>>> print(open('entry.csv').read())   # CSV, C-alpha atoms and all ligand atoms
chain,number,residue,atom,x,y,z
T,284,MET,CA,4.7,-24.5,-16.3
T,285,ALA,CA,3.6,-20.8,-16.2
T,286,SER,CA,1.6,-21.4,-13.0
T,287,VAL,CA,4.6,-22.9,-11.3
T,288,TRP,CA,7.0,-20.1,-12.4
T,289,LEU,CA,4.5,-17.5,-11.3
T,290,ALA,CA,3.9,-19.2,-7.9
T,291,VAL,CA,7.7,-19.3,-7.4
T,292,LEU,CA,8.0,-15.7,-8.4
T,293,ALA,CA,5.2,-14.7,-6.0
T,294,LEU,CA,7.0,-16.5,-3.2
T,295,VAL,CA,10.4,-15.0,-4.1
T,296,LEU,CA,9.0,-11.5,-4.3
T,297,ALA,CA,7.2,-12.0,-1.0
T,298,GLY,CA,10.2,-13.4,1.0
T,299,PRO,CA,13.8,-13.4,-0.2
T,300,VAL,CA,13.7,-10.2,-2.3
T,301,PRO,CA,12.2,-8.0,0.5
T,302,SER,CA,14.7,-9.5,2.9
T,303,VAL,CA,17.7,-8.5,0.8
T,304,LEU,CA,16.3,-5.1,-0.1
T,305,ALA,CA,15.4,-4.3,3.5
T,306,ARG,CA,19.0,-4.9,4.6
T,307,ALA,CA,20.6,-2.8,1.8
T,308,HIS,CA,21.8,0.7,2.5
T,309,TRP,CA,21.7,2.2,-1.0
T,310,PRO,CA,17.9,2.7,-1.0
T,311,GLN,CA,18.4,5.3,1.7
T,312,ARG,CA,20.2,7.5,-0.8
T,313,VAL,CA,17.2,7.5,-3.2
T,314,PRO,CA,14.2,7.1,-0.9
T,315,ARG,CA,11.6,8.2,-3.5
T,316,ALA,CA,12.8,5.7,-6.2
T,317,ALA,CA,13.3,3.0,-3.6
T,318,ILE,CA,9.7,3.4,-2.5
T,319,VAL,CA,8.6,3.0,-6.1
T,320,LEU,CA,10.7,-0.2,-6.3
T,321,TRP,CA,9.0,-1.6,-3.2
T,322,GLN,CA,5.6,-0.8,-4.7
T,323,ALA,CA,6.6,-2.5,-8.0
T,324,ILE,CA,7.8,-5.6,-6.0
T,325,ALA,CA,4.5,-5.7,-4.1
T,326,LEU,CA,2.4,-5.3,-7.3
T,327,ALA,CA,4.5,-7.9,-9.1
T,328,ALA,CA,4.0,-10.4,-6.2
T,329,VAL,CA,0.2,-9.9,-6.3
T,330,LEU,CA,0.1,-10.2,-10.1
T,331,ALA,CA,2.2,-13.3,-10.0
T,332,ALA,CA,0.0,-14.9,-7.3
T,333,VAL,CA,-3.2,-14.0,-9.3
T,334,GLY,CA,-1.5,-15.2,-12.6
T,335,SER,CA,-0.5,-18.5,-11.0
T,336,ALA,CA,-4.1,-19.1,-9.8
T,337,LEU,CA,-5.5,-18.3,-13.2
T,338,ALA,CA,-3.0,-20.6,-15.1
T,339,ALA,CA,-2.9,-23.6,-12.8
T,340,PRO,CA,-6.3,-25.3,-13.7
T,341,GLU,CA,-5.9,-24.6,-17.4
T,342,GLU,CA,-2.4,-26.1,-17.5
T,343,LEU,CA,-3.5,-29.1,-15.6
T,344,LEU,CA,-6.2,-29.7,-18.1
T,345,ARG,CA,-3.9,-29.1,-21.1
T,346,ALA,CA,-1.5,-31.8,-19.7
T,347,LEU,CA,-4.3,-34.4,-19.7
T,348,GLY,CA,-5.0,-34.3,-23.4
T,349,PRO,CA,-7.2,-32.7,-26.1
T,350,GLU,CA,-10.4,-34.5,-25.1
T,351,GLU,CA,-10.5,-33.1,-21.6
T,352,ARG,CA,-10.0,-29.6,-22.9
T,353,ARG,CA,-13.5,-29.3,-24.3
T,354,GLY,CA,-16.9,-29.0,-22.7
T,355,THR,CA,-17.5,-29.4,-18.9
T,356,PRO,CA,-13.8,-29.9,-17.8
T,357,MET,CA,-12.9,-26.6,-19.5
T,358,VAL,CA,-15.8,-24.8,-17.8
T,359,VAL,CA,-14.8,-26.3,-14.4
T,360,ALA,CA,-11.1,-25.3,-15.0
T,361,VAL,CA,-12.1,-21.7,-15.9
T,362,ALA,CA,-14.5,-21.5,-12.8
T,363,VAL,CA,-11.7,-22.8,-10.5
T,364,ALA,CA,-9.2,-20.4,-11.9
T,365,ALA,CA,-11.6,-17.4,-11.6
T,366,THR,CA,-12.5,-18.4,-8.0
T,367,LEU,CA,-8.8,-18.8,-6.9
T,368,ALA,CA,-7.8,-15.5,-8.5
T,369,GLY,CA,-10.9,-13.7,-7.3
T,370,LEU,CA,-10.2,-14.9,-3.7
T,371,ILE,CA,-6.8,-13.3,-3.8
T,372,VAL,CA,-8.1,-10.0,-5.2
T,373,LEU,CA,-11.1,-9.9,-2.9
T,374,ARG,CA,-9.0,-10.7,0.2
T,375,LEU,CA,-6.7,-7.8,-0.6
T,376,LEU,CA,-9.5,-5.4,-1.4
T,377,GLY,CA,-11.4,-6.5,1.8
T,378,VAL,CA,-8.4,-5.9,4.0
T,379,LEU,CA,-7.7,-2.6,2.3
T,380,VAL,CA,-11.3,-1.3,2.8
T,381,MET,CA,-11.5,-2.5,6.4
T,382,LEU,CA,-8.1,-0.9,7.2
T,383,ALA,CA,-9.1,2.4,5.5
T,384,VAL,CA,-12.4,2.6,7.4
T,385,ARG,CA,-10.8,1.7,10.8
T,386,THR,CA,-7.9,4.2,10.2
T,387,ARG,CA,-10.1,7.1,9.3
T,388,ARG,CA,-12.4,6.4,12.3
T,389,ARG,CA,-9.5,6.3,14.7
T,390,ARG,CA,-7.9,9.4,13.1
T,391,SER,CA,-11.1,11.4,13.4
T,392,ARG,CA,-11.3,10.5,17.2
T,393,HIS,CA,-7.6,11.4,17.5
T,394,ARG,CA,-8.1,14.7,15.8
T,395,ASP,CA,-11.0,15.6,18.2
T,396,MET,CA,-8.8,14.7,21.1
T,397,VAL,CA,-5.8,16.9,20.0
T,398,ASP,CA,-8.2,19.8,19.3
T,399,LEU,CA,-9.5,19.4,22.8
T,400,LEU,CA,-6.1,19.1,24.5
T,401,ASP,CA,-4.4,21.8,22.4
T,402,ARG,CA,-2.5,24.4,24.4
T,403,ALA,CA,-3.9,27.3,22.4
T,404,GLU,CA,-1.6,30.0,23.6
T,405,ARG,CA,1.5,28.0,22.5
T,406,SER,CA,0.1,26.9,19.1
T,407,ALA,CA,-1.0,30.5,18.4
T,408,ALA,CA,2.6,31.6,19.2
T,409,VAL,CA,4.0,29.3,16.6
T,410,GLY,CA,1.5,30.5,14.0
T,411,GLY,CA,0.2,28.9,10.8
T,412,ILE,CA,2.2,26.2,9.0
T,413,GLY,CA,0.2,25.5,5.8
T,414,ALA,CA,-2.8,26.6,3.9
T,415,LYS,CA,-5.1,23.9,5.5
T,416,THR,CA,-2.8,22.5,8.2
T,417,VAL,CA,-3.5,23.4,11.8
T,418,LEU,CA,-0.9,23.1,14.5
T,419,ARG,CA,-1.7,21.6,17.9
T,420,VAL,CA,0.5,21.6,21.0
T,421,LEU,CA,0.2,19.0,23.6
T,422,ASP,CA,1.4,18.9,27.2
T,423,GLY,CA,4.5,16.7,27.6
T,424,ALA,CA,8.1,17.0,28.4
T,425,VAL,CA,9.2,14.3,25.9
T,426,PRO,CA,9.9,16.0,22.5
T,427,PHE,CA,8.0,14.5,19.7
T,428,ALA,CA,6.0,15.5,16.6
T,429,TYR,CA,3.6,13.8,14.2
T,430,CYS,CA,0.8,14.6,11.8
T,431,LEU,CA,-2.7,13.5,11.3
T,432,PRO,CA,-3.5,13.4,7.5
T,433,GLY,CA,-6.9,13.7,5.9
T,434,ARG,CA,-9.2,16.5,4.9
T,435,ALA,CA,-8.5,18.5,8.1
T,436,PRO,CA,-4.9,17.8,8.6
T,437,ARG,CA,-3.2,18.5,12.0
T,438,VAL,CA,0.5,18.7,12.9
T,439,VAL,CA,1.0,17.8,16.6
T,440,VAL,CA,4.0,18.7,18.7
T,441,THR,CA,4.7,18.5,22.4
T,442,ASP,CA,5.7,21.3,24.8
T,443,GLY,CA,8.9,19.4,25.1
T,444,ALA,CA,9.6,19.8,21.4
T,445,LEU,CA,8.9,23.5,21.4
T,446,ASP,CA,11.2,24.0,24.4
T,447,THR,CA,14.0,21.9,23.0
T,448,LEU,CA,14.1,23.0,19.3
T,449,ASP,CA,15.3,26.3,18.1
T,450,ASP,CA,13.3,28.2,15.5
T,451,GLU,CA,15.1,26.8,12.5
T,452,GLU,CA,14.9,23.2,13.9
T,453,LEU,CA,11.2,23.7,14.5
T,454,ARG,CA,10.7,24.9,10.9
T,455,ALA,CA,12.5,21.8,9.7
T,456,VAL,CA,10.2,19.5,11.8
T,457,LEU,CA,7.1,21.3,10.5
T,458,ALA,CA,8.4,21.1,6.9
T,459,HIS,CA,9.0,17.3,7.5
T,460,GLU,CA,5.4,16.8,8.7
T,461,GLN,CA,3.9,19.0,6.0
T,462,ALA,CA,5.8,16.8,3.4
T,463,HIS,CA,4.0,13.8,4.8
T,464,LEU,CA,0.7,15.6,4.5
T,465,ASP,CA,1.2,17.0,1.0
T,466,ALA,CA,2.4,13.8,-0.6
T,467,ARG,CA,-0.1,11.7,1.4
T,468,HIS,CA,2.6,9.3,2.7
T,469,ASP,CA,-0.1,7.8,4.8
T,470,LEU,CA,-1.8,6.2,1.8
T,471,VAL,CA,1.5,4.6,0.7
T,472,ARG,CA,2.0,3.3,4.2
T,473,GLU,CA,-1.6,2.0,4.3
T,474,GLY,CA,-1.1,0.0,1.1
T,475,PHE,CA,1.8,-1.9,2.6
T,476,VAL,CA,0.0,-2.4,5.9
T,477,ALA,CA,-2.9,-3.9,4.0
T,478,LEU,CA,-0.7,-6.1,1.9
T,479,HIS,CA,1.1,-7.3,5.1
T,480,GLN,CA,-2.3,-8.2,6.7
T,481,ALA,CA,-3.7,-9.8,3.5
T,482,PHE,CA,-0.8,-12.2,3.1
T,483,PRO,CA,-1.0,-15.6,4.7
T,484,VAL,CA,0.7,-15.6,8.1
T,485,LEU,CA,3.3,-18.2,7.0
T,486,VAL,CA,4.7,-16.0,4.2
T,487,ARG,CA,3.9,-12.7,5.8
T,488,SER,CA,6.9,-10.5,6.5
T,489,ARG,CA,7.1,-7.1,8.2
T,490,GLN,CA,10.2,-6.1,6.2
T,491,ALA,CA,8.5,-4.4,3.3
T,492,ARG,CA,6.1,-2.4,5.6
T,493,ASP,CA,8.9,-1.3,8.0
T,494,ALA,CA,11.4,-0.5,5.3
T,495,VAL,CA,8.9,1.6,3.4
T,496,GLY,CA,7.9,3.4,6.7
T,497,LEU,CA,11.6,4.3,7.2
T,498,LEU,CA,12.0,5.5,3.6
T,499,LEU,CA,8.9,7.7,3.9
T,500,GLU,CA,10.5,9.3,7.0
T,501,MET,CA,13.7,9.9,5.1
T,502,LEU,CA,11.8,11.4,2.2
T,503,ALA,CA,10.1,13.8,4.6
T,504,ASP,CA,13.6,14.5,6.2
T,505,ASP,CA,14.8,15.5,2.8
T,506,ALA,CA,11.9,18.0,2.6
T,507,GLY,CA,13.0,19.5,5.9
T,508,ARG,CA,16.6,19.6,4.7
T,509,ALA,CA,15.6,21.4,1.5
T,510,ARG,CA,13.3,23.8,3.2
T,511,CYS,CA,15.8,24.7,6.0
T,512,SER,CA,19.2,23.1,6.2
T,513,ASP,CA,21.0,19.8,6.9
T,514,ALA,CA,22.1,21.2,10.3
T,515,ALA,CA,18.5,22.2,11.3
T,516,MET,CA,17.1,18.8,10.4
T,517,ALA,CA,20.0,17.0,12.2
T,518,GLY,CA,19.5,19.3,15.2
T,519,ALA,CA,15.8,18.4,15.4
T,520,LEU,CA,16.5,14.7,15.0
T,521,GLU,CA,19.1,14.9,17.8
T,522,ALA,CA,16.3,16.1,20.1
T,523,PHE,CA,14.1,13.2,19.1
T,524,VAL,CA,16.8,10.6,19.2
T,525,ALA,CA,17.0,11.1,23.0
T,526,THR,CA,13.7,9.2,23.2
T,527,GLY,CA,15.6,6.0,22.2
T,528,ASP,CA,14.0,5.5,18.9
T,529,THR,CA,16.3,3.4,16.7
T,530,GLU,CA,14.6,4.6,13.5
T,531,VAL,CA,15.3,8.2,14.4
T,532,ALA,CA,19.0,7.2,15.0
T,533,ALA,CA,19.3,5.8,11.5
T,534,ARG,CA,17.7,9.0,10.0
T,535,LEU,CA,20.0,11.2,12.1
T,536,GLU,CA,23.1,9.3,10.8
T,537,ARG,CA,21.9,9.7,7.3
T,538,VAL,CA,21.3,13.4,7.6
T,539,ARG,CA,24.6,13.9,9.3
T,540,ALA,CA,26.4,12.0,6.5
T,541,ARG,CA,24.5,14.1,4.0
T,542,ARG,CA,23.6,10.9,2.2
T,543,CYS,CA,21.9,11.9,-1.0
T,544,GLY,CA,21.7,9.7,-4.1
T,545,GLY,CA,22.8,10.6,-7.6
T,546,ARG,CA,20.5,10.8,-10.5
T,547,ALA,CA,22.0,7.7,-12.0
T,548,LEU,CA,21.1,5.6,-9.0
T,549,ALA,CA,17.5,6.9,-9.0
T,550,THR,CA,17.1,6.3,-12.7
T,551,GLY,CA,18.5,2.8,-12.3
T,552,THR,CA,16.1,2.1,-9.5
T,553,TYR,CA,13.1,3.3,-11.5
T,554,LEU,CA,14.2,1.0,-14.4
T,555,VAL,CA,14.5,-2.0,-12.1
T,556,ALA,CA,11.0,-1.2,-10.7
T,557,ALA,CA,9.5,-1.2,-14.2
T,558,ALA,CA,11.4,-4.4,-15.1
T,559,VAL,CA,10.1,-6.2,-12.0
T,560,VAL,CA,6.5,-5.6,-13.3
T,561,VAL,CA,7.1,-6.0,-17.1
T,562,VAL,CA,9.6,-8.8,-17.4
T,563,PRO,CA,7.4,-11.6,-15.8
T,564,THR,CA,4.5,-10.6,-18.0
T,565,VAL,CA,6.6,-10.8,-21.2
T,566,ALA,CA,8.6,-13.9,-20.2
T,567,VAL,CA,5.9,-16.0,-18.6
T,568,VAL,CA,2.3,-14.7,-19.1
T,569,ILE,CA,2.5,-14.0,-22.8
T,570,PRO,CA,3.9,-17.5,-23.7
T,571,TRP,CA,1.3,-19.1,-21.5
T,572,LEU,CA,-1.5,-17.1,-23.1
T,573,SER,CA,-0.2,-18.0,-26.6
T,574,ALA,CA,-0.4,-21.7,-25.7
T,575,ALA,CA,-3.6,-21.6,-23.6
T,576,LEU,CA,-5.8,-19.6,-25.9
T,577,PRO,CA,-5.4,-21.8,-29.0
T,578,ALA,CA,-5.8,-25.0,-26.8
T,579,ALA,CA,-9.1,-23.6,-25.6
T,580,GLY,CA,-10.2,-22.9,-29.2
T,581,LEU,CA,-10.2,-19.2,-28.6
T,582,LEU,CA,-7.3,-18.4,-30.9
T,583,ARG,CA,-6.0,-20.2,-34.0
T,601,ZN,ZN,7.7,11.7,9.8
>>> encode(input="entry.csv", output="structure tokens", more="lines below")
Ligand SMILES: [Zn+2]
Amino acid sequence: MASVWLAVLALVLAGPVPSVLARAHWPQRVPRAAIVLWQAIALAAVLAAVGSALAAPEELLRALGPEERRGTPMVVAVAVAATLAGLIVLRLLGVLVMLAVRTRRRRSRHRDMVDLLDRAERSAAVGGIGAKTVLRVLDGAVPFAYCLPGRAPRVVVTDGALDTLDDEELRAVLAHEQAHLDARHDLVREGFVALHQAFPVLVRSRQARDAVGLLLEMLADDAGRARCSDAAMAGALEAFVATGDTEVAARLERVRARRCGGRALATGTYLVAAAVVVVPTVAVVIPWLSAALPAAGLLR
């Protein structure tokens, strides 16, 4: 039954759980802990899928009787289990590597482009923003800002942003982008994009990827708030919300409401994250191993 339980668990963690969590508002109060919870759910879903693939052939064999458990049938069962589990892991690793290579190649071209298009007099006027981070200013009336992570990080803002934001708001925006770069939020995001792409289309859901993306933005907003002020971060987001971005609207509402989670909520979220990974192992995998190993003659 372990294989069935684990398969059900993998499906629940891939579908209904992300759906409920993505609609909840409380994770926005503790974005860092909520991201860890999303990572725990993703890890537990993958472990459950791999565990189910490993357990299924052995359990089928055990249901047939003691004779079938020995010799060739057992070897076939182990080979099938290893192949199924290996396919899941290889698929995930393959997608991750491909995504990492493509992203870095695209980012490198993007970096060359912003270096070329930089309005040097304006970026020099703003000055340095971090030890390794270089600021680039692009032509454009629409205010926006983003960062390019990696070994030679860039923060890119438009003319429109510089013209719209006051000094304090600009500092909040730069602190927001620097927080993305320092904590390598791009790697967290990349993990969820890879997971999304690796899942079969039928059970694939964008909810985890999108929710984590928004939480990472909120985490960086908190860095801007801490470095400057709630008012400066809100003022900056007001300038960006004019572009019609609904995600920015949600972030602005959060900063205006000064939503910030208590320590108890964060601790509770971390505990749930640990339980999501540990409980299935203790409740399903260990009982399965304690039945499967003696049946295979590996443990008496
Ligand atoms: Zn951001």
>>> residues_around(input="entry.csv", residues="Leu296 in chain T", least_positions_apart="4", cutoff="6 Å", atoms="only C-alpha atoms", output="JSON, numbers by chain")
{"T": [292, 300, 328]}
>>> residues_near_ligand(input="entry.csv", ligand="ligand ZN 601 (chain T)", cutoff="10 Å", atoms="all atoms listed in the file", output="PDB file with C-alpha atoms, in the coordinates of the input")
ATOM      1  CA  ALA T 428       6.000  15.500  16.600  1.00  0.00           C
ATOM      2  CA  TYR T 429       3.600  13.800  14.200  1.00  0.00           C
ATOM      3  CA  CYS T 430       0.800  14.600  11.800  1.00  0.00           C
ATOM      4  CA  VAL T 456      10.200  19.500  11.800  1.00  0.00           C
ATOM      5  CA  LEU T 457       7.100  21.300  10.500  1.00  0.00           C
ATOM      6  CA  ALA T 458       8.400  21.100   6.900  1.00  0.00           C
ATOM      7  CA  HIS T 459       9.000  17.300   7.500  1.00  0.00           C
ATOM      8  CA  GLU T 460       5.400  16.800   8.700  1.00  0.00           C
ATOM      9  CA  GLN T 461       3.900  19.000   6.000  1.00  0.00           C
ATOM     10  CA  ALA T 462       5.800  16.800   3.400  1.00  0.00           C
ATOM     11  CA  HIS T 463       4.000  13.800   4.800  1.00  0.00           C
ATOM     12  CA  LEU T 464       0.700  15.600   4.500  1.00  0.00           C
ATOM     13  CA  HIS T 468       2.600   9.300   2.700  1.00  0.00           C
ATOM     14  CA  GLY T 496       7.900   3.400   6.700  1.00  0.00           C
ATOM     15  CA  LEU T 497      11.600   4.300   7.200  1.00  0.00           C
ATOM     16  CA  LEU T 498      12.000   5.500   3.600  1.00  0.00           C
ATOM     17  CA  LEU T 499       8.900   7.700   3.900  1.00  0.00           C
ATOM     18  CA  GLU T 500      10.500   9.300   7.000  1.00  0.00           C
ATOM     19  CA  MET T 501      13.700   9.900   5.100  1.00  0.00           C
ATOM     20  CA  LEU T 502      11.800  11.400   2.200  1.00  0.00           C
ATOM     21  CA  ALA T 503      10.100  13.800   4.600  1.00  0.00           C
ATOM     22  CA  ASP T 504      13.600  14.500   6.200  1.00  0.00           C
ATOM     23  CA  VAL T 531      15.300   8.200  14.400  1.00  0.00           C
TER      24      VAL T 531
END
>>> closest_residue(input="entry.csv", among="T:Gly423, T:Ala514, T:Asp442, T:Lys415", to="Asp465 in chain T", atoms="all atoms listed in the file")
T:Lys415
>>> residues_around(input="entry.csv", residues="range 536-551 of chain T", least_positions_apart="6", cutoff="10 Å", atoms="all atoms listed in the file", output="PyMOL selection string")
chain T and resi 309-317+501+504-505+508+513-518+520-521
>>> closest_residue(input="entry.csv", among="T:Val359, T:Ala532, T:Val303, T:Ala290", to="Leu330 in chain T", atoms="only C-alpha atoms")
T:Ala290
>>> build_atoms(input="entry.csv", residues="range 352-363 of chain T", atoms="all heavy atoms", output="PDB file, keeping the file's coordinate frame")
ATOM      1  N   ARG T 352     -10.059 -31.073 -22.774  1.00  0.00           N
ATOM      2  CA  ARG T 352     -10.000 -29.600 -22.900  1.00  0.00           C
ATOM      3  C   ARG T 352     -11.388 -29.024 -23.277  1.00  0.00           C
ATOM      4  O   ARG T 352     -11.609 -27.852 -23.212  1.00  0.00           O
ATOM      5  CB  ARG T 352      -8.983 -29.171 -23.881  1.00  0.00           C
ATOM      6  CG  ARG T 352      -7.607 -29.089 -23.304  1.00  0.00           C
ATOM      7  CD  ARG T 352      -6.665 -28.582 -24.346  1.00  0.00           C
ATOM      8  NE  ARG T 352      -5.504 -29.440 -24.447  1.00  0.00           N
ATOM      9  CZ  ARG T 352      -4.859 -29.717 -25.558  1.00  0.00           C
ATOM     10  NH1 ARG T 352      -5.288 -29.236 -26.691  1.00  0.00           N
ATOM     11  NH2 ARG T 352      -3.806 -30.491 -25.554  1.00  0.00           N
ATOM     12  N   ARG T 353     -12.259 -29.869 -23.760  1.00  0.00           N
ATOM     13  CA  ARG T 353     -13.500 -29.300 -24.300  1.00  0.00           C
ATOM     14  C   ARG T 353     -14.654 -29.546 -23.259  1.00  0.00           C
ATOM     15  O   ARG T 353     -14.547 -30.355 -22.356  1.00  0.00           O
ATOM     16  CB  ARG T 353     -13.889 -30.044 -25.590  1.00  0.00           C
ATOM     17  CG  ARG T 353     -12.723 -30.204 -26.537  1.00  0.00           C
ATOM     18  CD  ARG T 353     -12.957 -29.442 -27.842  1.00  0.00           C
ATOM     19  NE  ARG T 353     -11.761 -29.448 -28.668  1.00  0.00           N
ATOM     20  CZ  ARG T 353     -10.911 -28.435 -28.718  1.00  0.00           C
ATOM     21  NH1 ARG T 353     -11.134 -27.357 -28.040  1.00  0.00           N
ATOM     22  NH2 ARG T 353      -9.833 -28.503 -29.482  1.00  0.00           N
ATOM     23  N   GLY T 354     -15.722 -28.831 -23.443  1.00  0.00           N
ATOM     24  CA  GLY T 354     -16.900 -29.000 -22.700  1.00  0.00           C
ATOM     25  C   GLY T 354     -16.788 -28.759 -21.182  1.00  0.00           C
ATOM     26  O   GLY T 354     -16.106 -27.819 -20.775  1.00  0.00           O
ATOM     27  N   THR T 355     -17.420 -29.659 -20.375  1.00  0.00           N
ATOM     28  CA  THR T 355     -17.500 -29.400 -18.900  1.00  0.00           C
ATOM     29  C   THR T 355     -16.133 -29.255 -18.259  1.00  0.00           C
ATOM     30  O   THR T 355     -15.971 -28.334 -17.446  1.00  0.00           O
ATOM     31  CB  THR T 355     -18.258 -30.614 -18.261  1.00  0.00           C
ATOM     32  OG1 THR T 355     -19.416 -30.865 -19.023  1.00  0.00           O
ATOM     33  CG2 THR T 355     -18.633 -30.288 -16.824  1.00  0.00           C
ATOM     34  N   PRO T 356     -15.117 -30.111 -18.539  1.00  0.00           N
ATOM     35  CA  PRO T 356     -13.800 -29.900 -17.800  1.00  0.00           C
ATOM     36  C   PRO T 356     -13.260 -28.518 -18.020  1.00  0.00           C
ATOM     37  O   PRO T 356     -12.722 -27.937 -17.082  1.00  0.00           O
ATOM     38  CB  PRO T 356     -12.914 -30.967 -18.482  1.00  0.00           C
ATOM     39  CG  PRO T 356     -13.828 -31.996 -19.021  1.00  0.00           C
ATOM     40  CD  PRO T 356     -15.062 -31.267 -19.447  1.00  0.00           C
ATOM     41  N   MET T 357     -13.420 -27.982 -19.229  1.00  0.00           N
ATOM     42  CA  MET T 357     -12.900 -26.600 -19.500  1.00  0.00           C
ATOM     43  C   MET T 357     -13.655 -25.598 -18.656  1.00  0.00           C
ATOM     44  O   MET T 357     -13.056 -24.669 -18.093  1.00  0.00           O
ATOM     45  CB  MET T 357     -13.003 -26.322 -20.979  1.00  0.00           C
ATOM     46  CG  MET T 357     -12.143 -25.165 -21.394  1.00  0.00           C
ATOM     47  SD  MET T 357     -10.427 -25.467 -20.910  1.00  0.00           S
ATOM     48  CE  MET T 357      -9.614 -24.117 -21.646  1.00  0.00           C
ATOM     49  N   VAL T 358     -14.982 -25.771 -18.587  1.00  0.00           N
ATOM     50  CA  VAL T 358     -15.800 -24.800 -17.800  1.00  0.00           C
ATOM     51  C   VAL T 358     -15.394 -24.885 -16.342  1.00  0.00           C
ATOM     52  O   VAL T 358     -15.239 -23.856 -15.669  1.00  0.00           O
ATOM     53  CB  VAL T 358     -17.312 -25.169 -17.968  1.00  0.00           C
ATOM     54  CG1 VAL T 358     -18.163 -24.307 -17.034  1.00  0.00           C
ATOM     55  CG2 VAL T 358     -17.743 -24.975 -19.414  1.00  0.00           C
ATOM     56  N   VAL T 359     -15.170 -26.118 -15.838  1.00  0.00           N
ATOM     57  CA  VAL T 359     -14.800 -26.300 -14.400  1.00  0.00           C
ATOM     58  C   VAL T 359     -13.408 -25.621 -14.201  1.00  0.00           C
ATOM     59  O   VAL T 359     -13.207 -24.916 -13.200  1.00  0.00           O
ATOM     60  CB  VAL T 359     -14.724 -27.783 -14.042  1.00  0.00           C
ATOM     61  CG1 VAL T 359     -14.127 -27.969 -12.642  1.00  0.00           C
ATOM     62  CG2 VAL T 359     -16.119 -28.389 -14.111  1.00  0.00           C
ATOM     63  N   ALA T 360     -12.490 -25.849 -15.151  1.00  0.00           N
ATOM     64  CA  ALA T 360     -11.100 -25.300 -15.000  1.00  0.00           C
ATOM     65  C   ALA T 360     -11.212 -23.752 -14.955  1.00  0.00           C
ATOM     66  O   ALA T 360     -10.559 -23.116 -14.109  1.00  0.00           O
ATOM     67  CB  ALA T 360     -10.252 -25.717 -16.175  1.00  0.00           C
ATOM     68  N   VAL T 361     -12.012 -23.172 -15.846  1.00  0.00           N
ATOM     69  CA  VAL T 361     -12.100 -21.700 -15.900  1.00  0.00           C
ATOM     70  C   VAL T 361     -12.768 -21.217 -14.554  1.00  0.00           C
ATOM     71  O   VAL T 361     -12.318 -20.217 -13.965  1.00  0.00           O
ATOM     72  CB  VAL T 361     -12.994 -21.254 -17.087  1.00  0.00           C
ATOM     73  CG1 VAL T 361     -13.350 -19.771 -16.988  1.00  0.00           C
ATOM     74  CG2 VAL T 361     -12.233 -21.529 -18.376  1.00  0.00           C
ATOM     75  N   ALA T 362     -13.789 -21.947 -14.065  1.00  0.00           N
ATOM     76  CA  ALA T 362     -14.500 -21.500 -12.800  1.00  0.00           C
ATOM     77  C   ALA T 362     -13.489 -21.610 -11.638  1.00  0.00           C
ATOM     78  O   ALA T 362     -13.457 -20.696 -10.805  1.00  0.00           O
ATOM     79  CB  ALA T 362     -15.665 -22.442 -12.570  1.00  0.00           C
ATOM     80  N   VAL T 363     -12.693 -22.693 -11.586  1.00  0.00           N
ATOM     81  CA  VAL T 363     -11.700 -22.800 -10.500  1.00  0.00           C
ATOM     82  C   VAL T 363     -10.689 -21.713 -10.530  1.00  0.00           C
ATOM     83  O   VAL T 363     -10.369 -21.090  -9.512  1.00  0.00           O
ATOM     84  CB  VAL T 363     -11.025 -24.228 -10.531  1.00  0.00           C
ATOM     85  CG1 VAL T 363      -9.850 -24.283  -9.552  1.00  0.00           C
ATOM     86  CG2 VAL T 363     -12.022 -25.327 -10.218  1.00  0.00           C
TER      87      VAL T 363
END
